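Pasted below: protein_30.cif, mmCIF, C-alpha atoms.
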```cif
data_upload
#
loop_
_atom_site.label_atom_id
_atom_site.label_comp_id
_atom_site.auth_asym_id
_atom_site.auth_seq_id
_atom_site.Cartn_x
_atom_site.Cartn_y
_atom_site.Cartn_z
CA MET Y 620 -10.91 3.28 26.26
CA ASN Y 621 -8.92 6.01 27.99
CA SER Y 622 -7.97 9.31 26.35
CA VAL Y 623 -4.31 8.32 25.95
CA ALA Y 624 -5.15 5.11 24.09
CA LYS Y 625 -7.49 7.00 21.82
CA ARG Y 626 -4.61 9.07 20.45
CA GLN Y 627 -1.99 6.38 19.85
CA THR Y 628 -2.75 6.13 16.13
CA GLY Y 629 -1.82 8.93 13.76
CA PHE Y 630 -3.91 9.72 10.68
CA TRP Y 631 -2.15 11.78 8.01
CA TRP Y 632 -4.05 13.34 5.13
CA ASP Y 633 -4.31 16.51 3.06
CA GLU Y 634 -7.20 17.82 0.95
CA LYS Y 635 -4.75 18.78 -1.83
CA CYS Y 636 -4.04 15.09 -2.45
CA PHE Y 637 -7.69 14.66 -3.45
CA TRP Y 638 -7.18 17.30 -6.14
CA HIS Y 639 -4.78 15.20 -8.18
CA SER Y 640 -6.32 14.72 -11.64
CA GLY Y 641 -5.57 12.09 -14.26
CA GLY Y 642 -7.42 13.71 -17.13
CA ASN Y 643 -10.27 12.52 -19.34
CA PHE Y 644 -10.50 8.73 -19.34
CA ALA Y 645 -13.18 6.06 -19.47
CA PHE Y 646 -11.83 3.35 -17.15
CA LEU Y 647 -8.31 2.70 -18.55
CA MET Y 648 -8.99 4.15 -22.01
CA PRO Y 649 -8.33 7.76 -23.08
CA VAL Y 650 -11.54 9.40 -24.27
CA GLY Y 651 -11.68 9.92 -28.02
CA GLY Y 652 -12.38 8.03 -31.23
CA LEU Y 653 -14.86 5.31 -30.35
CA VAL Y 654 -14.36 5.73 -26.59
CA GLN Y 655 -17.31 7.76 -25.31
CA PRO Y 656 -16.71 10.17 -22.41
CA PRO Y 657 -18.09 8.73 -19.14
CA SER Y 658 -21.04 10.36 -17.41
CA ALA Y 659 -19.01 10.37 -14.20
CA GLY Y 660 -15.64 9.25 -12.91
CA GLY Y 661 -12.70 8.67 -15.22
CA LEU Y 662 -9.59 6.69 -14.35
CA PRO Y 663 -10.10 3.99 -11.71
CA GLU Y 664 -7.58 5.93 -9.58
CA ASN Y 665 -9.74 8.85 -8.50
CA PRO Y 666 -10.20 10.85 -5.31
CA GLU Y 667 -13.56 9.45 -4.26
CA THR Y 668 -12.32 6.21 -2.72
CA LYS Y 669 -10.06 8.19 -0.37
CA ARG Y 670 -12.48 11.03 0.27
CA ARG Y 671 -15.27 8.60 1.12
CA LEU Y 672 -12.94 6.74 3.50
CA LYS Y 673 -12.13 9.97 5.34
CA ASN Y 674 -15.82 10.93 5.40
CA LEU Y 675 -16.75 7.55 6.88
CA LEU Y 676 -14.23 8.09 9.69
CA HIS Y 677 -16.04 11.33 10.52
CA VAL Y 678 -19.53 9.84 10.32
CA THR Y 679 -18.74 6.95 12.68
CA GLY Y 680 -16.72 9.13 15.05
CA LEU Y 681 -13.55 7.08 14.64
CA ILE Y 682 -11.71 10.23 13.56
CA GLN Y 683 -12.07 11.45 17.17
CA GLU Y 684 -9.88 8.57 18.35
CA LEU Y 685 -7.04 9.45 15.94
CA SER Y 686 -4.31 12.05 16.02
CA VAL Y 687 -5.01 13.90 12.76
CA SER Y 688 -2.21 15.73 10.95
CA SER Y 689 -1.08 17.01 7.58
CA ALA Y 690 2.49 17.49 6.38
CA PRO Y 691 4.57 19.66 4.07
CA VAL Y 692 5.66 18.44 0.66
CA ALA Y 693 8.66 16.12 0.59
CA SER Y 694 11.81 18.17 0.06
CA GLU Y 695 13.94 18.11 -3.07
CA GLU Y 696 16.66 16.37 -1.08
CA GLU Y 697 14.23 13.66 0.03
CA LEU Y 698 12.96 13.11 -3.51
CA ARG Y 699 16.47 12.93 -5.00
CA ARG Y 700 17.51 10.13 -2.65
CA VAL Y 701 15.16 7.94 -4.71
CA HIS Y 702 14.46 9.61 -8.05
CA SER Y 703 16.82 10.80 -10.75
CA ALA Y 704 17.26 14.53 -11.33
CA THR Y 705 16.31 13.99 -14.98
CA TYR Y 706 12.97 12.47 -14.08
CA LEU Y 707 12.13 15.05 -11.41
CA GLU Y 708 12.99 17.93 -13.76
CA ALA Y 709 10.83 16.50 -16.57
CA PHE Y 710 7.97 15.89 -14.14
CA LYS Y 711 8.19 19.41 -12.70
CA ALA Y 712 8.37 21.06 -16.14
CA LEU Y 713 5.29 19.25 -17.42
CA SER Y 714 3.46 19.91 -14.15
CA ASP Y 715 4.24 23.62 -14.37
CA ASP Y 716 2.82 23.67 -17.90
CA LYS Y 717 -0.43 21.81 -18.61
CA GLY Y 718 0.32 18.41 -17.14
CA GLY Y 719 0.68 15.27 -19.23
CA ASP Y 720 1.92 11.68 -19.02
CA LEU Y 721 5.50 10.53 -18.53
CA GLY Y 722 4.93 6.79 -18.33
CA GLU Y 723 2.48 3.91 -18.16
CA HIS Y 724 -0.95 5.01 -16.97
CA THR Y 725 0.32 8.01 -15.00
CA PRO Y 726 -1.41 11.10 -16.40
CA PHE Y 727 -1.47 14.20 -14.21
CA GLY Y 728 -2.75 17.74 -14.40
CA PRO Y 729 -1.15 21.13 -13.71
CA GLY Y 730 0.41 21.16 -10.25
CA GLY Y 731 0.68 17.37 -10.20
CA TYR Y 732 4.32 17.54 -9.08
CA GLU Y 733 3.50 19.43 -5.89
CA ILE Y 734 0.54 17.17 -5.11
CA ALA Y 735 2.67 14.03 -5.54
CA ALA Y 736 5.40 15.58 -3.38
CA ARG Y 737 2.79 16.22 -0.68
CA SER Y 738 1.62 12.61 -0.92
CA ALA Y 739 5.23 11.51 -0.33
CA GLY Y 740 5.49 14.11 2.43
CA LEU Y 741 2.55 12.55 4.30
CA ALA Y 742 4.26 9.15 4.32
CA THR Y 743 7.60 10.67 5.31
CA ALA Y 744 6.19 12.70 8.20
CA ALA Y 745 4.07 9.79 9.42
CA LEU Y 746 7.09 7.48 9.52
CA ARG Y 747 9.13 10.07 11.42
CA ASP Y 748 6.27 10.41 13.90
CA VAL Y 749 6.12 6.67 14.54
CA LEU Y 750 9.90 6.33 14.84
CA SER Y 751 10.10 9.26 17.25
CA GLY Y 752 7.54 7.61 19.52
CA ASN Y 753 4.94 10.37 19.14
CA GLN Y 754 2.50 7.75 17.86
CA LYS Y 755 2.51 3.99 18.31
CA ASN Y 756 1.34 3.49 14.74
CA ALA Y 757 -0.08 5.56 11.89
CA TYR Y 758 -2.04 5.58 8.64
CA ALA Y 759 -1.07 7.91 5.78
CA LEU Y 760 -3.87 8.57 3.28
CA SER Y 761 -1.42 9.28 0.48
CA ARG Y 762 -2.55 10.06 -3.07
CA PRO Y 763 -1.30 9.60 -5.75
CA PRO Y 764 -0.01 6.15 -4.79
CA GLY Y 765 3.63 5.15 -5.13
CA HIS Y 766 4.60 1.46 -5.10
CA HIS Y 767 4.96 1.08 -8.89
CA CYS Y 768 7.10 4.18 -9.40
CA LEU Y 769 10.71 3.58 -10.49
CA PRO Y 770 13.65 5.93 -9.88
CA ASP Y 771 13.42 7.35 -13.40
CA LYS Y 772 9.90 6.47 -14.56
CA PRO Y 773 6.34 6.59 -13.23
CA MET Y 774 4.05 3.59 -13.62
CA GLY Y 775 0.53 2.51 -12.80
CA TYR Y 776 -0.83 5.82 -11.39
CA CYS Y 777 2.33 6.17 -9.24
CA LEU Y 778 4.30 9.39 -9.75
CA LEU Y 779 6.66 9.30 -6.77
CA ALA Y 780 7.71 6.32 -4.63
CA ASN Y 781 6.02 7.47 -1.41
CA ILE Y 782 7.07 4.64 0.90
CA THR Y 783 10.58 4.43 -0.48
CA ILE Y 784 11.07 8.17 -0.06
CA ALA Y 785 9.90 7.92 3.55
CA VAL Y 786 12.14 4.92 4.31
CA GLU Y 787 15.21 6.48 2.70
CA ALA Y 788 14.69 9.66 4.72
CA ALA Y 789 14.45 7.65 7.95
CA ILE Y 790 17.62 5.72 7.12
CA ALA Y 791 19.53 8.86 6.11
CA GLU Y 792 18.49 10.55 9.36
CA LYS Y 793 19.72 7.46 11.30
CA ARG Y 794 16.28 6.89 12.80
CA VAL Y 795 16.23 3.24 11.69
CA GLU Y 796 18.55 0.51 10.42
CA ARG Y 797 16.29 -2.38 9.37
CA VAL Y 798 12.92 -1.84 7.71
CA ALA Y 799 10.37 -4.44 6.60
CA ILE Y 800 7.89 -3.42 3.90
CA ILE Y 801 4.77 -5.55 3.39
CA ASP Y 802 2.80 -4.79 0.22
CA TRP Y 803 -0.69 -6.29 0.13
CA ASP Y 804 -1.90 -4.17 -2.77
CA VAL Y 805 -3.25 -6.62 -5.38
CA HIS Y 806 -0.63 -5.47 -7.90
CA HIS Y 807 3.04 -6.32 -7.55
CA GLY Y 808 5.07 -3.61 -5.81
CA ASN Y 809 7.66 -3.54 -8.58
CA GLY Y 810 8.95 -0.04 -7.84
CA THR Y 811 9.66 -0.77 -4.19
CA GLU Y 812 11.28 -4.07 -5.18
CA ALA Y 813 13.52 -2.45 -7.81
CA ILE Y 814 14.77 0.30 -5.50
CA PHE Y 815 15.77 -2.06 -2.68
CA TYR Y 816 16.62 -5.15 -4.78
CA ASP Y 817 20.34 -5.21 -3.95
CA ARG Y 818 20.07 -4.13 -0.30
CA SER Y 819 19.78 -5.99 2.99
CA ASP Y 820 18.66 -3.06 5.18
CA VAL Y 821 15.13 -3.30 3.75
CA LEU Y 822 13.12 -6.53 3.51
CA THR Y 823 10.42 -6.27 0.84
CA ILE Y 824 7.41 -8.64 0.80
CA SER Y 825 4.71 -8.39 -1.86
CA LEU Y 826 1.44 -10.37 -1.87
CA HIS Y 827 -0.27 -9.86 -5.22
CA GLN Y 828 -2.52 -11.45 -7.82
CA GLU Y 829 -0.35 -13.43 -10.21
CA ASN Y 830 0.05 -11.94 -13.70
CA ASN Y 831 -2.06 -8.87 -12.99
CA TYR Y 832 0.17 -5.76 -13.15
CA PRO Y 833 2.89 -5.12 -14.18
CA ARG Y 834 3.30 -7.88 -16.74
CA ASP Y 835 6.02 -10.44 -16.07
CA SER Y 836 6.65 -9.03 -12.62
CA GLY Y 837 6.53 -10.38 -9.08
CA ASN Y 838 7.80 -13.90 -9.66
CA VAL Y 839 8.68 -16.18 -6.75
CA GLY Y 840 12.23 -16.60 -8.05
CA ASP Y 841 12.97 -12.86 -7.93
CA ARG Y 842 14.75 -12.89 -4.58
CA GLY Y 843 17.08 -9.89 -4.75
CA SER Y 844 20.70 -9.65 -5.88
CA GLY Y 845 24.12 -9.03 -4.35
CA HIS Y 846 23.80 -7.90 -0.74
CA GLY Y 847 20.03 -8.05 -1.20
CA GLU Y 848 19.81 -11.68 -2.23
CA GLY Y 849 17.04 -13.28 -0.18
CA TYR Y 850 15.70 -9.95 1.04
CA ASN Y 851 12.93 -9.75 -1.57
CA ILE Y 852 9.89 -12.02 -1.20
CA ASN Y 853 7.18 -12.30 -3.82
CA ILE Y 854 3.97 -14.19 -3.10
CA PRO Y 855 1.97 -14.37 -6.36
CA MET Y 856 -1.54 -15.55 -5.50
CA VAL Y 857 -3.81 -17.35 -7.96
CA PRO Y 858 -6.87 -15.39 -9.13
CA GLY Y 859 -9.86 -16.08 -6.91
CA THR Y 860 -7.86 -16.37 -3.70
CA GLY Y 861 -10.07 -15.49 -0.77
CA HIS Y 862 -9.78 -14.71 2.92
CA LEU Y 863 -8.27 -18.02 4.01
CA GLY Y 864 -5.59 -17.81 1.33
CA TYR Y 865 -4.41 -14.39 2.50
CA VAL Y 866 -4.36 -15.47 6.13
CA HIS Y 867 -2.45 -18.64 5.19
CA ALA Y 868 0.15 -16.64 3.24
CA PHE Y 869 0.67 -14.44 6.28
CA GLU Y 870 0.98 -17.34 8.68
CA ARG Y 871 3.26 -19.45 6.49
CA ILE Y 872 5.46 -16.84 4.78
CA VAL Y 873 5.03 -13.23 5.94
CA LEU Y 874 5.15 -13.66 9.72
CA PRO Y 875 8.06 -16.15 9.71
CA ALA Y 876 10.04 -13.78 7.47
CA LEU Y 877 9.39 -10.86 9.82
CA ARG Y 878 10.46 -12.90 12.83
CA ALA Y 879 13.65 -14.01 11.08
CA TYR Y 880 14.50 -10.49 9.89
CA HIS Y 881 13.59 -8.67 13.12
CA PRO Y 882 13.00 -5.17 11.70
CA ASN Y 883 13.10 -1.88 13.62
CA VAL Y 884 9.82 -0.81 12.00
CA ILE Y 885 7.20 -2.31 9.66
CA VAL Y 886 5.69 -0.31 6.80
CA VAL Y 887 2.68 -1.59 4.85
CA ALA Y 888 1.74 -0.62 1.30
CA CYS Y 889 -1.96 -0.78 2.06
CA GLY Y 890 -3.94 -1.29 -1.12
CA PHE Y 891 -7.59 -2.37 -1.00
CA ASP Y 892 -7.76 -3.58 -4.60
CA ALA Y 893 -7.79 -7.27 -3.59
CA SER Y 894 -11.40 -6.60 -2.58
CA GLY Y 895 -13.91 -8.98 -4.12
CA VAL Y 896 -15.67 -6.09 -5.89
CA ASP Y 897 -12.61 -4.19 -7.16
CA PRO Y 898 -12.66 -3.51 -10.92
CA LEU Y 899 -8.90 -4.11 -11.35
CA SER Y 900 -8.53 -7.51 -9.70
CA ARG Y 901 -10.02 -10.97 -9.48
CA MET Y 902 -9.48 -11.72 -5.80
CA LEU Y 903 -11.99 -12.26 -3.00
CA ALA Y 904 -10.64 -10.38 -0.01
CA SER Y 905 -13.12 -8.60 2.26
CA SER Y 906 -12.88 -5.91 4.91
CA THR Y 907 -12.43 -8.76 7.39
CA THR Y 908 -9.37 -9.92 5.43
CA PHE Y 909 -7.72 -6.51 5.57
CA ALA Y 910 -8.51 -6.14 9.27
CA GLU Y 911 -7.05 -9.58 10.02
CA MET Y 912 -3.84 -8.86 8.08
CA THR Y 913 -3.59 -5.60 10.04
CA ARG Y 914 -4.10 -7.42 13.33
CA MET Y 915 -1.40 -9.99 12.50
CA THR Y 916 1.01 -7.26 11.43
CA MET Y 917 0.35 -5.29 14.63
CA GLN Y 918 1.11 -8.39 16.70
CA ALA Y 919 4.37 -8.86 14.81
CA ALA Y 920 5.25 -5.19 15.34
CA ASP Y 921 4.50 -5.52 19.06
CA ASP Y 922 6.72 -8.59 19.29
CA LEU Y 923 9.59 -7.34 17.16
CA CYS Y 924 9.83 -3.55 17.11
CA GLY Y 925 7.92 -1.95 19.95
CA GLY Y 926 4.70 -1.72 17.94
CA ARG Y 927 6.22 0.68 15.38
CA LEU Y 928 3.98 0.33 12.33
CA LEU Y 929 2.97 2.59 9.45
CA LEU Y 930 0.34 1.88 6.80
CA VAL Y 931 0.46 3.97 3.62
CA HIS Y 932 -2.56 4.00 1.31
CA GLU Y 933 -1.96 2.59 -2.17
CA GLY Y 934 -4.59 1.20 -4.56
CA GLY Y 935 -8.25 0.26 -4.22
CA TYR Y 936 -10.78 1.32 -6.85
CA SER Y 937 -14.24 0.40 -5.58
CA GLU Y 938 -15.76 3.67 -4.37
CA ALA Y 939 -18.39 1.73 -2.43
CA HIS Y 940 -16.13 -0.81 -0.72
CA VAL Y 941 -12.78 0.93 -0.06
CA PRO Y 942 -14.23 3.12 2.74
CA PHE Y 943 -15.40 0.05 4.70
CA CYS Y 944 -12.13 -1.82 4.15
CA GLY Y 945 -10.14 1.24 5.22
CA HIS Y 946 -12.34 1.87 8.25
CA ALA Y 947 -11.86 -1.74 9.40
CA VAL Y 948 -8.08 -1.40 9.08
CA ILE Y 949 -7.87 1.96 10.88
CA ALA Y 950 -10.20 0.83 13.67
CA THR Y 951 -7.94 -2.20 14.15
CA LEU Y 952 -4.85 0.03 14.25
CA ALA Y 953 -6.48 2.27 16.85
CA ARG Y 954 -7.77 -0.72 18.86
CA SER Y 955 -11.17 0.95 18.64
CA ASP Y 956 -14.58 -0.52 19.37
CA ILE Y 957 -16.19 1.64 16.67
CA VAL Y 958 -17.42 -0.51 13.79
CA ALA Y 959 -18.69 0.43 10.34
CA PRO Y 960 -20.58 -2.74 9.32
CA ASP Y 961 -19.52 -3.76 5.82
CA PRO Y 962 -22.65 -4.00 3.64
CA LEU Y 963 -20.80 -6.35 1.27
CA GLN Y 964 -19.48 -8.76 3.90
CA VAL Y 965 -22.33 -11.29 3.60
CA ARG Y 966 -22.01 -11.30 -0.19
CA LEU Y 967 -18.24 -11.80 -0.08
CA ASP Y 968 -18.50 -14.50 2.59
CA PHE Y 969 -20.91 -16.38 0.32
CA GLN Y 970 -18.57 -16.01 -2.67
CA GLN Y 971 -15.48 -17.42 -0.93
CA PRO Y 972 -13.82 -20.37 -2.69
CA ASN Y 973 -15.25 -23.80 -1.92
CA PRO Y 974 -13.18 -26.20 0.23
CA GLU Y 975 -11.63 -27.98 -2.76
CA LEU Y 976 -10.53 -24.74 -4.40
CA THR Y 977 -9.32 -23.34 -1.07
CA ALA Y 978 -7.20 -26.46 -0.54
CA TYR Y 979 -5.60 -25.89 -3.95
CA GLN Y 980 -4.91 -22.22 -3.18
CA LEU Y 981 -3.29 -23.11 0.14
CA SER Y 982 -1.16 -25.77 -1.55
CA VAL Y 983 0.16 -23.18 -4.00
CA ILE Y 984 1.21 -21.03 -1.06
CA ASP Y 985 2.75 -24.02 0.72
CA ARG Y 986 4.92 -24.76 -2.31
CA MET Y 987 6.28 -21.21 -2.10
CA VAL Y 988 7.23 -21.75 1.53
CA GLU Y 989 9.97 -24.13 0.38
CA VAL Y 990 11.61 -21.29 -1.57
CA PHE Y 991 11.91 -19.06 1.50
CA ALA Y 992 12.28 -21.55 4.35
CA LYS Y 993 16.09 -21.74 4.26
CA GLN Y 994 16.66 -17.98 4.23
CA ARG Y 995 18.63 -16.67 7.20
CA TYR Y 996 18.99 -12.96 7.95
#
```
Could the structure of this file be written out as structure tokens, please?
Amino acid sequence: MNSVAKRQTGFWWDEKCFWHSGGNFAFLMPVGGLVQPPSAGGLPENPETKRRLKNLLHVTGLIQELSVSSAPVASEEELRRVHSATYLEAFKALSDDKGGDLGEHTPFGPGGYEIAARSAGLATAALRDVLSGNQKNAYALSRPPGHHCLPDKPMGYCLLANITIAVEAAIAEKRVERVAIIDWDVHHGNGTEAIFYDRSDVLTISLHQENNYPRDSGNVGDRGSGHGEGYNINIPMVPGTGHLGYVHAFERIVLPALRAYHPNVIVVACGFDASGVDPLSRMLASSTTFAEMTRMTMQAADDLCGGRLLLVHEGGYSEAHVPFCGHAVIATLARSDIVAPDPLQVRLDFQQPNPELTAYQLSVIDRMVEVFAKQRY
């Protein structure tokens, strides 16, 4: 691999994002009463999954093949394109005090506002970099995550809508006209959906475990409204879906939609919580699954938009497995030969659904194809 090729993938991160704190929890439960404080950890959303991913990049040497950068916090103007002034002011006031919680499962400590704004800033700067041609593609290790956050309310560990803030900045700056967002986090990307639900300049596609989080969200029939009708695609997958199911959903629904829409850039909400050992899901994806979805998305980006592709880190709560899934994805992005063998791959291969169950899972996906097949962009 020549020196130019080694630097075609950007990697955006900042140590301050690892300092975001959700307070004293045992799994999803606040400590107190009959809930004993944990000996280690806390909320499933914690810095170690991301820190261990970055450390693994260093240990294998893959970091040397990436263009590594940080970024300033997203500006007030950038945040207000997505979020209401009322919400931002309440968030900032609580952050400046002792921290707190403004919504469902989104506790934060002092300074949480600035850390979340930096997380959004990483995604925003990375997208600018890709659209300017400085990098062919990029990965933003954003934390806290963002795809559940609504304009006026945080949800599910998400305090600011990182990807949406980045996309709105790019559109406002006239860097892009048509954006496709693929969300393969195991939870429905309800915040991203809500923000772009009535618009045709952004195609939103979410692959998620059915009836996981949020409740009553991510249904196949939720297709957008007004000018956005048909521009929102939900692919709720049955619990237990494995590698072949994810690949089938890409081949039958995601890739045809991208080809029909023909975006100027593709952005991925890259969660690793569909992993077969994740505590917040019941799916059976492996590092191979995430690498294959990345490969297919890269091919689509090469065919449709000059390779312009950004992946933004979302969920993923297995401290042991996320680093290997992330490494596989980033190595694929960088077209690198460096491999971090996944110690759980053999186990997850063995646990894949049997042929009869796989056939059922694929048939569920095939029935969804009928909903989207007639859409024209």
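The space separating atom CA of Y:Leu685 from atom CA of Y:Val886 comes to 18.5 Å.
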I'd like to see the residues matched by the PyMOL selection byres ((chain Y and resi 869) around 10) on this file, and ideally I'd get them as a PDB file with C-alpha atoms, in the frame of the given file.
```pdb
ATOM      1  CA  LEU Y 826       1.440 -10.370  -1.870  1.00  0.00           C
ATOM      2  CA  ILE Y 854       3.970 -14.190  -3.100  1.00  0.00           C
ATOM      3  CA  LEU Y 863      -8.270 -18.020   4.010  1.00  0.00           C
ATOM      4  CA  GLY Y 864      -5.590 -17.810   1.330  1.00  0.00           C
ATOM      5  CA  TYR Y 865      -4.410 -14.390   2.500  1.00  0.00           C
ATOM      6  CA  VAL Y 866      -4.360 -15.470   6.130  1.00  0.00           C
ATOM      7  CA  HIS Y 867      -2.450 -18.640   5.190  1.00  0.00           C
ATOM      8  CA  ALA Y 868       0.150 -16.640   3.240  1.00  0.00           C
ATOM      9  CA  GLU Y 870       0.980 -17.340   8.680  1.00  0.00           C
ATOM     10  CA  ARG Y 871       3.260 -19.450   6.490  1.00  0.00           C
ATOM     11  CA  ILE Y 872       5.460 -16.840   4.780  1.00  0.00           C
ATOM     12  CA  VAL Y 873       5.030 -13.230   5.940  1.00  0.00           C
ATOM     13  CA  LEU Y 874       5.150 -13.660   9.720  1.00  0.00           C
ATOM     14  CA  PRO Y 875       8.060 -16.150   9.710  1.00  0.00           C
ATOM     15  CA  ALA Y 876      10.040 -13.780   7.470  1.00  0.00           C
ATOM     16  CA  GLU Y 911      -7.050  -9.580  10.020  1.00  0.00           C
ATOM     17  CA  MET Y 912      -3.840  -8.860   8.080  1.00  0.00           C
ATOM     18  CA  MET Y 915      -1.400  -9.990  12.500  1.00  0.00           C
ATOM     19  CA  THR Y 916       1.010  -7.260  11.430  1.00  0.00           C
ATOM     20  CA  ILE Y 984       1.210 -21.030  -1.060  1.00  0.00           C
TER      21      ILE Y 984
END
```
Could the residues of stretch 809-919 of chain Y that have an atom at most 9 Å from stretch 924-945 of chain Y be listed as JSON lines, each with its closest atom pair and the distance in Å to one decimal, counting all atoms listed in the file and ordered by chain and ascending residue number?
```
{"residue": "Y:His881", "atom": "CA", "partner": "Y:Cys924", "partner_atom": "CA", "distance": 7.5}
{"residue": "Y:Pro882", "atom": "CA", "partner": "Y:Cys924", "partner_atom": "CA", "distance": 6.5}
{"residue": "Y:Asn883", "atom": "CA", "partner": "Y:Cys924", "partner_atom": "CA", "distance": 5.1}
{"residue": "Y:Val884", "atom": "CA", "partner": "Y:Arg927", "partner_atom": "CA", "distance": 5.2}
{"residue": "Y:Ile885", "atom": "CA", "partner": "Y:Leu928", "partner_atom": "CA", "distance": 4.9}
{"residue": "Y:Val886", "atom": "CA", "partner": "Y:Leu929", "partner_atom": "CA", "distance": 4.8}
{"residue": "Y:Val887", "atom": "CA", "partner": "Y:Leu930", "partner_atom": "CA", "distance": 4.6}
{"residue": "Y:Ala888", "atom": "CA", "partner": "Y:Val931", "partner_atom": "CA", "distance": 5.3}
{"residue": "Y:Cys889", "atom": "CA", "partner": "Y:His932", "partner_atom": "CA", "distance": 4.9}
{"residue": "Y:Gly890", "atom": "CA", "partner": "Y:Gly934", "partner_atom": "CA", "distance": 4.3}
{"residue": "Y:Phe891", "atom": "CA", "partner": "Y:Gly935", "partner_atom": "CA", "distance": 4.2}
{"residue": "Y:Asp892", "atom": "CA", "partner": "Y:Gly935", "partner_atom": "CA", "distance": 3.9}
{"residue": "Y:Ala893", "atom": "CA", "partner": "Y:Gly935", "partner_atom": "CA", "distance": 7.6}
{"residue": "Y:Ser894", "atom": "CA", "partner": "Y:His940", "partner_atom": "CA", "distance": 7.7}
{"residue": "Y:Val896", "atom": "CA", "partner": "Y:Ser937", "partner_atom": "CA", "distance": 6.7}
{"residue": "Y:Asp897", "atom": "CA", "partner": "Y:Ser937", "partner_atom": "CA", "distance": 5.1}
{"residue": "Y:Pro898", "atom": "CA", "partner": "Y:Tyr936", "partner_atom": "CA", "distance": 6.6}
{"residue": "Y:Leu899", "atom": "CA", "partner": "Y:Tyr936", "partner_atom": "CA", "distance": 7.3}
{"residue": "Y:Ser905", "atom": "CA", "partner": "Y:Cys944", "partner_atom": "CA", "distance": 7.1}
{"residue": "Y:Ser906", "atom": "CA", "partner": "Y:Cys944", "partner_atom": "CA", "distance": 4.2}
{"residue": "Y:Thr907", "atom": "CA", "partner": "Y:Cys944", "partner_atom": "CA", "distance": 7.7}
{"residue": "Y:Thr908", "atom": "CA", "partner": "Y:Cys944", "partner_atom": "CA", "distance": 8.7}
{"residue": "Y:Phe909", "atom": "CA", "partner": "Y:Cys944", "partner_atom": "CA", "distance": 6.6}
{"residue": "Y:Ala910", "atom": "CA", "partner": "Y:Cys944", "partner_atom": "CA", "distance": 7.6}
{"residue": "Y:Thr916", "atom": "CA", "partner": "Y:Leu928", "partner_atom": "CA", "distance": 8.2}
{"residue": "Y:Met917", "atom": "CA", "partner": "Y:Gly926", "partner_atom": "CA", "distance": 6.5}
{"residue": "Y:Gln918", "atom": "CA", "partner": "Y:Gly926", "partner_atom": "CA", "distance": 7.7}
{"residue": "Y:Ala919", "atom": "CA", "partner": "Y:Gly926", "partner_atom": "CA", "distance": 7.8}
```
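With distances restricted to only C-alpha atoms, Y:Ile682 is the closest residue to Y:Arg626 from Y:Leu769, Y:Ile682, Y:Ala709, Y:Ala736.
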So which residues touch Y:Val983 within 9 Å, counting all atoms listed in the file, skipping near sequence neighbours fewer than 5 positions away, as a compact mmCIF listing (two decimals) with C-alpha atoms, in the frame of the given file?
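Output saved as around_9.txt:
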```
# COMPACT_ATOMS: atom_id res chain seq x y z
CA MET Y 856 -1.54 -15.55 -5.50
CA VAL Y 857 -3.81 -17.35 -7.96
CA ALA Y 978 -7.20 -26.46 -0.54
```
Task: Nearest candidate to Y:Asp922 (options Y:Arg878, Y:Lys793, Y:Lys673, Y:Arg737; using all atoms listed in the file) - done: Y:Arg878
Counting all atoms listed in the file, give me one row per residue of stretch 748-788 of chain Y with an atom at most 12 Å from an atom of stretch 799-803 of chain Y, showing the shortest contact pair and its distance in Å to one decimal, sorted by chain then residue number, as a Markdown table.
```
| residue | atom | partner | partner_atom | distance |
| --- | --- | --- | --- | --- |
| Y:Gly765 | CA | Y:Asp802 | CA | 11.3 |
| Y:His766 | CA | Y:Asp802 | CA | 8.4 |
| Y:His767 | CA | Y:Asp802 | CA | 11.1 |
| Y:Ile782 | CA | Y:Ile800 | CA | 8.6 |
| Y:Thr783 | CA | Y:Ile800 | CA | 9.4 |
| Y:Ala785 | CA | Y:Ile800 | CA | 11.5 |
| Y:Val786 | CA | Y:Ile800 | CA | 9.4 |
```
Open item on the list: To one decimal place in Å, what is the distance between atom CA of Y:Gly641 and atom CA of Y:Thr743?
Closed with: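 Between atom CA of Y:Gly641 and atom CA of Y:Thr743 the gap works out to 23.6 Å.
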Open item on the list: What's the separation between atom CA of Y:Gln627 and atom CA of Y:Pro962, in Å to one decimal place?
Closed with: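 Computing the Euclidean distance for atom CA of Y:Gln627 and atom CA of Y:Pro962 yields 28.2 Å.
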Task: Counting all atoms listed in the file, the residue of Y:Ala813, Y:Ala745, Y:Leu903, Y:Cys636 that sits nearest Y:Asn665 - done: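 Ranked by minimum distance to Y:Asn665, first place goes to Y:Cys636.
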Go through stretch 723-827 of chain Y and flag each residue having an atom no more than 7 Å from stretch 699-708 of chain Y; for those, report the closest pair of atoms plus their distance in Å to one decimal, using all atoms listed in the file, ordered by chain and rising number, as JSON lines.
```
{"residue": "Y:Pro770", "atom": "CA", "partner": "Y:His702", "partner_atom": "CA", "distance": 4.2}
{"residue": "Y:Asp771", "atom": "CA", "partner": "Y:Tyr706", "partner_atom": "CA", "distance": 5.2}
{"residue": "Y:Lys772", "atom": "CA", "partner": "Y:Tyr706", "partner_atom": "CA", "distance": 6.8}
{"residue": "Y:Ile784", "atom": "CA", "partner": "Y:Val701", "partner_atom": "CA", "distance": 6.2}
{"residue": "Y:Glu787", "atom": "CA", "partner": "Y:Arg700", "partner_atom": "CA", "distance": 6.9}
```
Using 3 Å of padding on each side, determine the axis-aligned box around all atoms of stretch 990-995 of chain Y present in the file and give its centre and edge lengths in Å to one decimal, as AutoDock Vina command-line options.
```
--center_x 15.1 --center_y -19.2 --center_z 2.8 --size_x 13.0 --size_y 11.1 --size_z 14.8
```
